[in-house]
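S.K.: First the structure, then my questions, so here it is.
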Amino acid sequence: MIVGAEWYMTVAAALFLIGAFGLLLRRNALIMFMCIELMLNAVNLTLIAAGRALNDLGGQVAVFFILVVAAAEVVVGLAIIVAIFRRRTTASVDELSELRG
Amino acid sequence: MSWEVDYLAIAPELIIIGSLFLVLGLDLTLPRLKKYWTATAAVAGSALALIPLAFLAVEGETISMFDGSYVVDEFALVLKGLFLVTAYIVFLMSVNYIESERYYQGEYYLLLLASVLGSLVLASARDLIVLFIGIELVTGPLYLLAGWRKGDVKSNEASLKYFILGVLSTAILLYGMSVLYGLTGEITFSGLAEATAAMPNSPALTMAVLFLIVGFGFKISAVPFHFWAPDTYEGAPTPITAYLSVNSKAAGFVAMLLVMYLALPGVSDVWAPALWALAALSMTIGNLSALRQTNIVRLLAYSSIAQAGFMLVPFAAAAVAGADLEEAFSATVIYLVIYAVMNLGAFGVVIAGARTTKSGEISDWAGLSNVDSRAAVLVAVFFFSLAGIPPLAGWFAKFVMFRSVMIAGGAATVVLAVVAAVNAVIALYYYAKVVKSVWLDDATREFPGEFDEPPAGSLRLALAISVGLTVVVGFFPALATFVADASRVIAAGG
């Protein structure tokens with residue numbers, strides 16, 4: 001059986017939804033962060049599958065850029081979470097409620 | 001294919017990169033007491049980058065590089081000029097603010113320069129990859145800068161909220177782009193424009209376009225994607241808040257306009273109603289929330305959400321009515337330029353006034369005119385300009401917005417114009433409330449700050465530039481029209 005591009009697209013859409021729901025439902029900053037990574041990887045999978053199906057290099061090149069930017073974002077995000085851990089010993093976003101209105 | 005690089009065309013970017021490395025080197029080598037040189041390097045870099053821009057503007061040629069992915073046309077030049085001038089003002093506002101804090105300076109200017117570089121790249125982006133890199137370069141450093149005051153829980157929270165929602169919006173935006181690519185096989189704007197105009201409307205195409213709108217909606221903090229903005233604005237250092245509300249918002253607008261105008265004009269029946277709803281909701285909810293704010297920075301945050309709604313009006317109206325998008329495009333650029341100048345001024349005067357009041361509560365600003373009359377005058381100038389009262393620049397922005405709506409015509413457009421008109425009146429109320437507090441109310445307490453000592457030269461220069469532009473453009477709107485006419489020269493590249 002040949003696994004066509006649409007199967008990859010479906011898996012990618014499922015990954016994206018899992019990430020989105022995880023982001024909405026989980027309250028730990030680290031887990032939320034992982035969910036975003038899941039969403040970004042769903043994008044990568046879509047781009048690679050589409051690029052392969054269309055026989056076009058553009059999509060696969062785009063993935064390299066997204067990987068690099070995602071890595072940079074991990075650095076930024078972990079730095080922010082570490083800064084918060086230093087002030088208070090929890091990573092739950094519900095504890096962060098100084099700002100409202 | 002042309003892979004030749006025109007170094008003059010990318011000289012502004014190269015100068016910003018150069019000053020970025022200079023700041024890094026100075027920060028590493030200089031002794032602690034001389035770190036202020038990093039600020040000088042950043043200020044000088046953003047001013048120097050304007051010189052090649054002027055040369056390019058005089059030449060007036062459209063230069064297309066990297067196989068049409070990177071285009072320097074008059075539109076790009078206008079926007080780069082806007083980004084550099086606003087960055088210059090923000091650097092000037094930062095100097096004292098950052099020095100008076102206990103944190104290091106070098107990284108601050110380094111990160112801010114990186115963000116400026118991103119906005120310059122964005123103005124020239126003519127394919128999805130370059131656009132994405134530009135957006136990320138603008139916002140990435142800002143996540144860190146929002147949390148600059150590491151010891152302050154509010155600042156931590158501001159940066160985490162901004163980060164989570166910023167990255168989420170990036171993921172949504174990217175997913176939209178990837179589906180769009182999957183449908184068309186095109187990355188460049190010109191290719192996408194052809195492919196989407198030719199293909200029938202499908203659920204997948206609609207979904208991709210809506211995902212793009214949601215992603216951009218977060219970046220320009222349009223309602224209902226605005227909830228991060230007030231918290232982030234309040235918790236971030238005030239110069240960064242000014243940068244977020246002007247430069248990063250303008251960058252989001254530029255990205256959105258580029259994609260909608262150059263890449264997706266063929267599917268305007270999908271994105272026009274979405275933009276219409278975003279504009280109406282942003283104006284109304286932004287203004288109604290601003291009414292009950294007691295903190296001046298939060299008030300400006302909601303005001304900037306409402307202003308984003310006003311900025312969306314011409315484009316949404318023209319697209320809904322099926323009118324010529326070019327007119328609306330230049331109206332949006334005029335609004336963006338004028339908004340940038342007066343909003344920066346408003347934040348500058350908040351920094352200047354807070355030296356005396358040591359508080360962000362509007363009630364604590366009561367009676368400021370008795371002790372610091374110059375700051376009080378500037379409060380009146382910038383807040384009345386934001387409200388759109390002639391002869392300050394804001395009136396012309398509002399005028400151009402309503403004019404382009406009238407040109408577009410049609411029932412849905414008129415409804416939007418009525419919503420905008422009602423909101424302009426609501427906005428006047430809360431802007432005037434701040435001015436009333438400063439000028440008419442009696443001081444309820446002793447001012448704790450040092451009002452005998454004038455603010456530092458750099459802050460005064462920043463305010464002088466903003467107030468000068470606000471007043472001059474108000475009296476001679478032809479200047480703003482000139483800018484907008486130049487921005488009509490936009491090349492699709494590719």
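Following the order of the structure tokens, first chain is A, next is B, and so on, with residues numbered from 1 inside each chain and ligands from 1 in the order they appear.
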Find the nearest atom pair between each residue of chain B and chain A for residues within 6 Å, count only C-alpha atoms, give distances in Å to one decimal, sort rows by chain and ascending number, and present the table as JSON lines.
M.R.:
```
{"residue": "B:Asn156", "atom": "CA", "partner": "A:Ile84", "partner_atom": "CA", "distance": 6.0}
{"residue": "B:Ala171", "atom": "CA", "partner": "A:Leu40", "partner_atom": "CA", "distance": 5.5}
{"residue": "B:Tyr175", "atom": "CA", "partner": "A:Val43", "partner_atom": "CA", "distance": 5.1}
{"residue": "B:Ser178", "atom": "CA", "partner": "A:Leu47", "partner_atom": "CA", "distance": 5.4}
{"residue": "B:Gly182", "atom": "CA", "partner": "A:Ala50", "partner_atom": "CA", "distance": 4.8}
{"residue": "B:Asp231", "atom": "CA", "partner": "A:Leu99", "partner_atom": "CA", "distance": 5.6}
```
S.K.: Determine, counting only C-alpha atoms, which protein, DNA and RNA residues have an atom within 9 Å of an atom of Thr170 in chain B; residues of the same chain fewer than 3 positions away are not included. Present the result as a ChimeraX atom specification.
M.R.: /A:40 /B:132,135-136,165-167,173-175,215-216,218-219
S.K.: Can you list, as a list in words, every protein, DNA or RNA residue that comes within 7 Å of range 305-310 of chain B when you count only C-alpha atoms, leaving out same-chain residues fewer than 5 positions away?
M.R.: Ile220, Ser221, Ala222, Leu278, Ala279, Ala280, Ser282, Met283, Gly286, Asn287 and Ala420 of chain B
S.K.: Write the residues of the selection above to a file with C-alpha atoms, as a PDB file, in the first residue's frame.
M.R.:
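Contents of the output file out.pdb:
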```pdb
ATOM      1  CA  ILE B 220      -1.648  43.520  15.455  1.00  0.00           C
ATOM      2  CA  SER B 221      -3.599  42.797  18.681  1.00  0.00           C
ATOM      3  CA  ALA B 222      -7.001  43.064  17.028  1.00  0.00           C
ATOM      4  CA  LEU B 278     -11.986  42.465  13.163  1.00  0.00           C
ATOM      5  CA  ALA B 279     -12.167  46.214  12.491  1.00  0.00           C
ATOM      6  CA  ALA B 280     -15.633  46.689  14.010  1.00  0.00           C
ATOM      7  CA  SER B 282     -11.439  46.095  17.697  1.00  0.00           C
ATOM      8  CA  MET B 283     -12.800  49.627  17.610  1.00  0.00           C
ATOM      9  CA  GLY B 286     -11.022  48.412  22.520  1.00  0.00           C
ATOM     10  CA  ASN B 287     -12.742  51.706  23.217  1.00  0.00           C
ATOM     11  CA  ALA B 420     -16.077  54.142  13.365  1.00  0.00           C
TER      12      ALA B 420
END
```
S.K.: Excluding Ala54 in chain B and its own-chain neighbours fewer than 6 positions away, which residues fall within 12 Å of it when counting only C-alpha atoms? Please give them as number ranges by chain.
M.R.: B: 8-9, 11-12, 47-48, 60, 74, 77-78, 80-81, 84
S.K.: Mind writing the picked residues with all heavy atoms as a compact mmCIF listing (two decimals), in the first residue's frame?
M.R.:
```txt
# COMPACT_ATOMS: atom_id res chain seq x y z
N LEU B 8 23.86 48.61 -1.99
CA LEU B 8 23.25 49.86 -1.53
C LEU B 8 21.81 49.61 -1.08
O LEU B 8 21.34 50.16 -0.08
CB LEU B 8 23.29 50.92 -2.65
CG LEU B 8 22.64 52.25 -2.28
CD1 LEU B 8 23.36 52.92 -1.12
CD2 LEU B 8 22.58 53.19 -3.46
N ALA B 9 21.13 48.72 -1.82
CA ALA B 9 19.72 48.48 -1.50
C ALA B 9 19.55 47.84 -0.13
O ALA B 9 18.56 48.08 0.55
CB ALA B 9 19.08 47.61 -2.57
N ALA B 11 21.81 48.28 2.30
CA ALA B 11 22.71 48.98 3.22
C ALA B 11 22.04 49.28 4.57
O ALA B 11 22.69 49.12 5.61
CB ALA B 11 23.23 50.26 2.58
N PRO B 12 20.76 49.69 4.61
CA PRO B 12 20.17 49.93 5.94
C PRO B 12 20.22 48.69 6.83
O PRO B 12 20.59 48.77 8.00
CB PRO B 12 18.72 50.31 5.62
CG PRO B 12 18.74 50.82 4.23
CD PRO B 12 19.82 50.06 3.53
N ALA B 47 20.21 55.96 13.26
CA ALA B 47 20.20 57.21 12.50
C ALA B 47 21.00 57.07 11.21
O ALA B 47 20.57 57.52 10.14
CB ALA B 47 20.78 58.34 13.35
N LEU B 48 22.16 56.38 11.28
CA LEU B 48 23.01 56.21 10.09
C LEU B 48 22.28 55.43 9.00
O LEU B 48 22.45 55.71 7.80
CB LEU B 48 24.28 55.45 10.46
CG LEU B 48 25.48 56.27 10.91
CD1 LEU B 48 26.63 55.33 11.23
CD2 LEU B 48 25.88 57.25 9.82
N GLY B 60 14.89 56.28 -6.53
CA GLY B 60 13.52 55.90 -6.81
C GLY B 60 13.37 54.69 -7.69
O GLY B 60 12.34 54.50 -8.33
N GLU B 74 9.41 51.72 -3.51
CA GLU B 74 9.15 52.91 -2.70
C GLU B 74 8.31 52.59 -1.48
O GLU B 74 8.46 53.21 -0.43
CB GLU B 74 8.48 53.99 -3.57
CG GLU B 74 9.46 54.55 -4.57
CD GLU B 74 8.93 55.78 -5.29
OE1 GLU B 74 8.06 56.46 -4.74
OE2 GLU B 74 9.39 56.03 -6.40
N LEU B 77 10.68 51.41 1.07
CA LEU B 77 11.49 52.51 1.58
C LEU B 77 10.70 53.34 2.59
O LEU B 77 11.22 53.71 3.65
CB LEU B 77 11.96 53.41 0.44
CG LEU B 77 12.99 52.78 -0.50
CD1 LEU B 77 13.35 53.76 -1.60
CD2 LEU B 77 14.23 52.39 0.27
N VAL B 78 9.42 53.63 2.28
CA VAL B 78 8.59 54.41 3.20
C VAL B 78 8.49 53.68 4.54
O VAL B 78 8.68 54.26 5.61
CB VAL B 78 7.19 54.63 2.60
CG1 VAL B 78 6.23 55.11 3.66
CG2 VAL B 78 7.25 55.63 1.47
N LYS B 80 10.46 51.30 5.73
CA LYS B 80 11.75 51.22 6.42
C LYS B 80 12.07 52.53 7.10
O LYS B 80 12.60 52.56 8.21
CB LYS B 80 12.86 50.85 5.43
CG LYS B 80 12.82 49.40 5.04
CD LYS B 80 13.91 49.05 4.06
CE LYS B 80 13.66 47.66 3.55
NZ LYS B 80 14.78 47.10 2.82
N GLY B 81 11.76 53.65 6.41
CA GLY B 81 11.96 54.96 7.03
C GLY B 81 11.15 55.07 8.31
O GLY B 81 11.67 55.50 9.35
N LEU B 84 12.73 52.91 11.05
CA LEU B 84 13.99 53.44 11.58
C LEU B 84 13.77 54.67 12.43
O LEU B 84 14.38 54.83 13.49
CB LEU B 84 14.96 53.74 10.43
CG LEU B 84 15.62 52.51 9.82
CD1 LEU B 84 16.42 52.89 8.59
CD2 LEU B 84 16.53 51.84 10.83
```
S.K.: Near Val5 in chain B, within 10 Å and counting only C-alpha atoms, which residues show up once chain neighbours fewer than 5 positions away are dropped, as a ChimeraX atom specification?
M.R.: /B:10,63-66
S.K.: Would you kindly return, as a PyMOL selection string, each protein, DNA or RNA residue with an atom no farther than 12 Å from any atom of Val58 in chain B, considering only C-alpha atoms and excluding same-chain residues fewer than 3 positions away?
M.R.: chain B and resi 51-55+61-62+73-74+77+486
S.K.: Mind the document's chain letters and residue numbers, and return as a VMD selection string the residues of range 306-481 of chain B that DSSP labels helix (DSSP H, G or I).
M.R.: chain B and resid 306 to 321 325 to 357 362 to 365 368 to 371 373 to 387 394 to 408 411 to 439 457 to 475 478 to 481
S.K.: Could you check the closest approach to Glu99 in chain B for each of B:Ala432, B:Ala39, B:Leu120, B:Val23 and tell me which residue wins, using only C-alpha atoms?
M.R.: B:Ala39
